[in-house]
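Down below is the structure, laid out as structure tokens.
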Amino acid sequence: EITEDHHTEGTSYFIDEGKKLPFGLKRWHHKHIVHRAGEKNSIIEDNMQFSSGWLFFDLLLYPLLFLAFLPRVVQYKNYFGWPKK
């Protein structure tokens, strides 16, 4: 569920928080941030916080979530046509 959004001249963001989470997760907070980087460029930042309630399980989940979100780098580049020719 999107719980917050904000827009300024150089930055926009929205936050989604998990209300119905998959088995094993007790908390999910994901902030999507887009920073202006010049006239025609942007920097996209994903800040995520999650918890299973068990530190050991969180440590196991971290690399899995990192790998799950890693393809976004390529997806964003393809979608936005980077690098420009």
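Just remember, in the structure tokens the first chain shown is A, the second B, etc., residues are 1-based per chain, and ligands are 1-based in the order shown.
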* Please run DSSP on the backbone and report, as a ChimeraX atom specification, all residues within chain A that come out as strand (DSSP E). => /A:2-7,11-17,27-36,42-51
Preceding selection exported with C-alpha atoms as a short mmCIF file (atom, residue, chain, number, x, y, z; two decimals), in the first residue's frame:
data_model
loop_
_atom_site.label_atom_id
_atom_site.label_comp_id
_atom_site.auth_asym_id
_atom_site.auth_seq_id
_atom_site.Cartn_x
_atom_site.Cartn_y
_atom_site.Cartn_z
CA ILE A 2 1.38 3.44 -0.90
CA THR A 3 1.43 5.35 2.37
CA GLU A 4 3.25 8.53 1.41
CA ASP A 5 4.43 10.54 -1.58
CA HIS A 6 6.27 13.82 -1.92
CA HIS A 7 7.53 16.00 -4.76
CA THR A 11 13.38 14.96 -5.86
CA SER A 12 10.23 12.88 -5.87
CA TYR A 13 9.46 9.79 -3.84
CA PHE A 14 6.76 7.45 -2.72
CA ILE A 15 6.70 4.84 0.03
CA ASP A 16 5.00 1.50 -0.14
CA GLU A 17 4.48 -0.51 3.01
CA ARG A 27 7.55 -5.68 8.11
CA TRP A 28 8.19 -4.13 4.68
CA HIS A 29 8.94 -0.46 4.01
CA HIS A 30 10.13 0.53 0.52
CA LYS A 31 10.95 4.10 -0.47
CA HIS A 32 11.28 4.75 -4.22
CA ILE A 33 13.23 7.98 -4.81
CA VAL A 34 13.96 9.78 -8.08
CA HIS A 35 16.58 12.54 -7.92
CA ARG A 36 17.05 15.04 -10.72
CA SER A 42 17.77 11.14 -13.07
CA ILE A 43 19.07 8.87 -10.35
CA ILE A 44 16.68 6.20 -9.12
CA GLU A 45 17.17 5.01 -5.55
CA ASP A 46 15.42 2.15 -3.74
CA ASN A 47 15.58 2.17 0.06
CA MET A 48 14.12 -0.92 1.66
CA GLN A 49 13.62 -1.94 5.26
CA PHE A 50 12.23 -5.33 6.15
CA SER A 51 12.05 -7.65 9.10
#
* Asked: How many Å separate CA of Leu21 in chain A from CA of Phe56 in chain A?
  -> 18.7 Å
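When DSSP reads the backbone of this structure, the residues of range 2-85 of chain A it assigns to alpha helix (DSSP H) are Leu55, Phe56, Phe57, Asp58, Leu59, Leu60, Leu61, Tyr62, Pro63, Leu64, Leu65, Phe66, Leu67, Ala68, Phe69, Pro71, Arg72, Val73, Val74, Gln75, Tyr76, Lys77, Asn78, Tyr79 and Phe80 of chain A.
Counting from CA of Phe57 in chain A, the distance to CA of Phe23 in chain A is 12.2 Å.
Compared by their closest atoms to Trp54 in chain A, and using only C-alpha atoms, the residues A:Leu25, A:Gly38, A:Glu9, A:Lys19 rank with A:Leu25 nearest.
Distances here use only C-alpha atoms; by that measure, the residue among A:Lys26, A:Thr8, A:Gly81, A:Lys40 closest to Asp58 in chain A is A:Lys26.
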